[in-house]
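Q: Dropping the structure in here first, questions after.
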Amino acid sequence: MSNQITLHVNGEIHSCLSPTPLPELLQQLGFNPRLVAVEYNGEILHRQFWDQTTIQQGDRLEVVTIVGGG
């Protein structure tokens, strides 16, 4: 029995195992969780909620890398 689910990340289809916590998914996709902002199903998801957010079938994420400098 497979627990694979599909989701959209930055407009591309990805798959992961369910349940997968958001910070773990970000790392699997090659993002540094400390350097990104996440829009989860159309809403900006504050970092304090990341650990309790589990990715579900069909979720839509927009992940934006924060760039410093000046």
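The chains in the structure tokens are called A, B, ... from first to last as shown; in each chain the residues are counted from 1, and the ligands are counted from 1 in the order shown.
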Which neighbours of His14 of chain A fall inside 10 Å, counting only C-alpha atoms, when residues of the same chain fewer than 5 positions from it are skipped, and could you give them as a PyMOL selection string?

A: chain A and resi 5-9+29+58

Q: Put those residues in a file: C-alpha atoms, as an mmCIF file, in the first residue's frame.

A:
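Wrote it out as selection.cif, contents follow:
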data_model
loop_
_atom_site.group_PDB
_atom_site.id
_atom_site.type_symbol
_atom_site.label_atom_id
_atom_site.label_comp_id
_atom_site.auth_asym_id
_atom_site.auth_seq_id
_atom_site.Cartn_x
_atom_site.Cartn_y
_atom_site.Cartn_z
ATOM 1 C CA ILE A 5 0.331 11.938 -2.570
ATOM 2 C CA THR A 6 0.730 14.626 -5.205
ATOM 3 C CA LEU A 7 0.918 18.348 -4.637
ATOM 4 C CA HIS A 8 1.830 21.506 -6.536
ATOM 5 C CA VAL A 9 4.974 23.414 -5.595
ATOM 6 C CA LEU A 29 12.754 19.676 -2.314
ATOM 7 C CA GLY A 58 -3.600 18.284 -3.752
#

Q: Neighbours of Thr20 of chain A within 6 Å (only C-alpha atoms; same-chain residues fewer than 2 positions away dropped), as a list in words?

A: Ser18, Thr54 and Ile55 of chain A

Q: Smallest atom-to-atom distance to Tyr40 of chain A: which of A:Gln28, A:Ser15, A:Asn10, A:Gln4, using only C-alpha atoms?

A: A:Asn10

Q: Ranking A:Phe49, A:Ile13, A:Leu61, A:Asn3 by minimum distance to Leu26 of chain A and counting only C-alpha atoms, which one comes first?

A: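 When distances to Leu26 of chain A are compared using only C-alpha atoms, the smallest one comes from A:Leu61.
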
Q: Between atom CA of Ser2 of chain A and atom CA of Glu39 of chain A, what is the spacing in Å?

A: 27.1 Å

Q: Find the residues near Trp50 of chain A: any atom within 9 Å, counting only C-alpha atoms, skip ones fewer than 6 places away on the same chain, and give them as a PyMOL selection string.

A: chain A and resi 21-23

Q: Those same residues - N, CA and C atoms - I'd like them written as a PDB file, in the first residue's frame.

A:
ATOM      1  N   PRO A  21       5.552  16.343   7.270  1.00  0.00           N
ATOM      2  CA  PRO A  21       5.491  17.702   7.811  1.00  0.00           C
ATOM      3  C   PRO A  21       6.104  18.692   6.826  1.00  0.00           C
ATOM      4  N   LEU A  22       5.591  19.911   6.825  1.00  0.00           N
ATOM      5  CA  LEU A  22       6.064  20.935   5.894  1.00  0.00           C
ATOM      6  C   LEU A  22       7.576  21.140   5.932  1.00  0.00           C
ATOM      7  N   PRO A  23       8.225  21.302   7.094  1.00  0.00           N
ATOM      8  CA  PRO A  23       9.681  21.523   7.072  1.00  0.00           C
ATOM      9  C   PRO A  23      10.441  20.372   6.403  1.00  0.00           C
TER      10      PRO A  23
END

Q: Nearest to Thr65 of chain A: which of A:Leu35, A:Leu25, A:Thr53, A:Glu12 is it, counting only C-alpha atoms?

A: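 Of A:Leu35, A:Leu25, A:Thr53, A:Glu12, the one nearest Thr65 of chain A is A:Leu35, counting only C-alpha atoms.
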
Q: According to DSSP computed on the backbone, where in chain A is there helix (DSSP H, G or I)? Give the residues as a ChimeraX atom specification.

A: /A:22-28,33-35,47-49

Q: With distances taken over only C-alpha atoms, which residue among A:Pro19, A:Phe31, A:Val64, A:Gly11 lies nearest Gln52 of chain A?

A: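 Using only C-alpha atoms, Gln52 of chain A sits closest to A:Pro19.
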
Q: Near Asn41 of chain A, within 9 Å and counting only C-alpha atoms, which residues show up once chain neighbours fewer than 2 positions away are dropped, as a list of chain:residue names?

A: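 That gives A:Glu39, A:Glu43, A:Ile44, A:Asp59, A:Arg60, A:Leu61, A:Glu62.
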
Q: I need the residues from that last selection saved to file as a compact mmCIF listing (two decimals), in the first residue's frame (with N, CA and C atoms), if you can.

A:
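Below is the file result23.txt, written as the result:
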# COMPACT_ATOMS: atom_id res chain seq x y z
N GLU A 39 3.64 30.14 0.93
CA GLU A 39 2.22 30.35 0.77
C GLU A 39 1.60 28.97 0.65
N GLU A 43 -2.62 31.08 1.21
CA GLU A 43 -2.44 31.91 2.40
C GLU A 43 -0.97 31.86 2.84
N ILE A 44 -0.43 33.02 3.22
CA ILE A 44 0.92 33.03 3.78
C ILE A 44 0.87 32.25 5.09
N ASP A 59 -2.45 19.71 -2.12
CA ASP A 59 -2.05 21.01 -1.59
C ASP A 59 -1.29 21.80 -2.65
N ARG A 60 -1.37 23.12 -2.52
CA ARG A 60 -0.66 24.03 -3.42
C ARG A 60 0.26 24.92 -2.59
N LEU A 61 1.55 24.84 -2.89
CA LEU A 61 2.55 25.64 -2.17
C LEU A 61 3.27 26.56 -3.14
N GLU A 62 3.51 27.76 -2.69
CA GLU A 62 4.41 28.67 -3.38
C GLU A 62 5.53 28.94 -2.38

Q: Name the residues of chain A that come out as strand (DSSP E or B) in a backbone DSSP run; write them as a PDB file with N, CA and C atoms, in the first residue's frame.

A:
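File written: out.pdb
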ATOM      1  N   GLN A   4       1.744   7.576  -1.217  1.00  0.00           N
ATOM      2  CA  GLN A   4       2.196   8.680  -2.053  1.00  0.00           C
ATOM      3  C   GLN A   4       1.040   9.628  -2.335  1.00  0.00           C
ATOM      4  N   ILE A   5       1.302  10.917  -2.198  1.00  0.00           N
ATOM      5  CA  ILE A   5       0.331  11.938  -2.570  1.00  0.00           C
ATOM      6  C   ILE A   5       0.995  12.892  -3.549  1.00  0.00           C
ATOM      7  N   THR A   6       0.197  13.626  -4.291  1.00  0.00           N
ATOM      8  CA  THR A   6       0.730  14.626  -5.205  1.00  0.00           C
ATOM      9  C   THR A   6       0.306  16.004  -4.737  1.00  0.00           C
ATOM     10  N   LEU A   7       1.170  16.967  -5.005  1.00  0.00           N
ATOM     11  CA  LEU A   7       0.918  18.348  -4.637  1.00  0.00           C
ATOM     12  C   LEU A   7       1.585  19.247  -5.653  1.00  0.00           C
ATOM     13  N   HIS A   8       1.245  20.531  -5.622  1.00  0.00           N
ATOM     14  CA  HIS A   8       1.830  21.506  -6.536  1.00  0.00           C
ATOM     15  C   HIS A   8       2.767  22.400  -5.737  1.00  0.00           C
ATOM     16  N   VAL A   9       3.990  22.529  -6.224  1.00  0.00           N
ATOM     17  CA  VAL A   9       4.974  23.414  -5.595  1.00  0.00           C
ATOM     18  C   VAL A   9       5.503  24.338  -6.674  1.00  0.00           C
ATOM     19  N   GLU A  12       4.637  23.335 -10.192  1.00  0.00           N
ATOM     20  CA  GLU A  12       5.053  22.025 -10.677  1.00  0.00           C
ATOM     21  C   GLU A  12       4.470  20.938  -9.796  1.00  0.00           C
ATOM     22  N   ILE A  13       4.178  19.792 -10.393  1.00  0.00           N
ATOM     23  CA  ILE A  13       3.634  18.671  -9.634  1.00  0.00           C
ATOM     24  C   ILE A  13       4.769  17.879  -9.006  1.00  0.00           C
ATOM     25  N   HIS A  14       4.639  17.617  -7.710  1.00  0.00           N
ATOM     26  CA  HIS A  14       5.606  16.822  -6.958  1.00  0.00           C
ATOM     27  C   HIS A  14       4.844  15.748  -6.201  1.00  0.00           C
ATOM     28  N   SER A  15       5.574  14.763  -5.721  1.00  0.00           N
ATOM     29  CA  SER A  15       4.937  13.751  -4.882  1.00  0.00           C
ATOM     30  C   SER A  15       5.772  13.564  -3.626  1.00  0.00           C
ATOM     31  N   CYS A  16       5.097  13.112  -2.575  1.00  0.00           N
ATOM     32  CA  CYS A  16       5.777  12.819  -1.324  1.00  0.00           C
ATOM     33  C   CYS A  16       4.951  11.782  -0.581  1.00  0.00           C
ATOM     34  N   LEU A  17       5.514  11.260   0.480  1.00  0.00           N
ATOM     35  CA  LEU A  17       4.775  10.324   1.318  1.00  0.00           C
ATOM     36  C   LEU A  17       3.857  11.099   2.253  1.00  0.00           C
ATOM     37  N   PRO A  21       5.552  16.343   7.270  1.00  0.00           N
ATOM     38  CA  PRO A  21       5.491  17.702   7.811  1.00  0.00           C
ATOM     39  C   PRO A  21       6.104  18.692   6.826  1.00  0.00           C
ATOM     40  N   VAL A  36      13.223  30.667   3.461  1.00  0.00           N
ATOM     41  CA  VAL A  36      12.088  30.733   2.546  1.00  0.00           C
ATOM     42  C   VAL A  36      10.843  31.248   3.268  1.00  0.00           C
ATOM     43  N   ALA A  37       9.918  31.759   2.462  1.00  0.00           N
ATOM     44  CA  ALA A  37       8.565  32.075   2.908  1.00  0.00           C
ATOM     45  C   ALA A  37       7.646  31.133   2.151  1.00  0.00           C
ATOM     46  N   VAL A  38       6.540  30.715   2.790  1.00  0.00           N
ATOM     47  CA  VAL A  38       5.663  29.720   2.191  1.00  0.00           C
ATOM     48  C   VAL A  38       4.225  30.240   2.131  1.00  0.00           C
ATOM     49  N   GLU A  39       3.645  30.144   0.933  1.00  0.00           N
ATOM     50  CA  GLU A  39       2.217  30.351   0.769  1.00  0.00           C
ATOM     51  C   GLU A  39       1.601  28.965   0.647  1.00  0.00           C
ATOM     52  N   TYR A  40       0.665  28.659   1.535  1.00  0.00           N
ATOM     53  CA  TYR A  40       0.068  27.324   1.623  1.00  0.00           C
ATOM     54  C   TYR A  40      -1.405  27.429   1.259  1.00  0.00           C
ATOM     55  N   GLU A  43      -2.620  31.075   1.211  1.00  0.00           N
ATOM     56  CA  GLU A  43      -2.437  31.910   2.399  1.00  0.00           C
ATOM     57  C   GLU A  43      -0.975  31.859   2.841  1.00  0.00           C
ATOM     58  N   ILE A  44      -0.434  33.021   3.215  1.00  0.00           N
ATOM     59  CA  ILE A  44       0.916  33.033   3.778  1.00  0.00           C
ATOM     60  C   ILE A  44       0.867  32.251   5.091  1.00  0.00           C
ATOM     61  N   THR A  54       0.872  19.429   8.074  1.00  0.00           N
ATOM     62  CA  THR A  54       1.175  18.194   7.367  1.00  0.00           C
ATOM     63  C   THR A  54       0.625  18.305   5.950  1.00  0.00           C
ATOM     64  N   ARG A  60      -1.375  23.120  -2.524  1.00  0.00           N
ATOM     65  CA  ARG A  60      -0.656  24.026  -3.418  1.00  0.00           C
ATOM     66  C   ARG A  60       0.261  24.916  -2.586  1.00  0.00           C
ATOM     67  N   LEU A  61       1.555  24.837  -2.890  1.00  0.00           N
ATOM     68  CA  LEU A  61       2.553  25.636  -2.169  1.00  0.00           C
ATOM     69  C   LEU A  61       3.272  26.558  -3.137  1.00  0.00           C
ATOM     70  N   GLU A  62       3.508  27.762  -2.687  1.00  0.00           N
ATOM     71  CA  GLU A  62       4.412  28.668  -3.377  1.00  0.00           C
ATOM     72  C   GLU A  62       5.534  28.937  -2.378  1.00  0.00           C
ATOM     73  N   VAL A  63       6.744  28.598  -2.782  1.00  0.00           N
ATOM     74  CA  VAL A  63       7.902  28.761  -1.894  1.00  0.00           C
ATOM     75  C   VAL A  63       8.804  29.828  -2.495  1.00  0.00           C
ATOM     76  N   VAL A  64       9.063  30.869  -1.715  1.00  0.00           N
ATOM     77  CA  VAL A  64       9.865  31.988  -2.176  1.00  0.00           C
ATOM     78  C   VAL A  64      11.130  32.062  -1.338  1.00  0.00           C
ATOM     79  N   THR A  65      12.270  32.087  -2.006  1.00  0.00           N
ATOM     80  CA  THR A  65      13.541  32.196  -1.310  1.00  0.00           C
ATOM     81  C   THR A  65      13.794  33.647  -0.939  1.00  0.00           C
TER      82      THR A  65
END
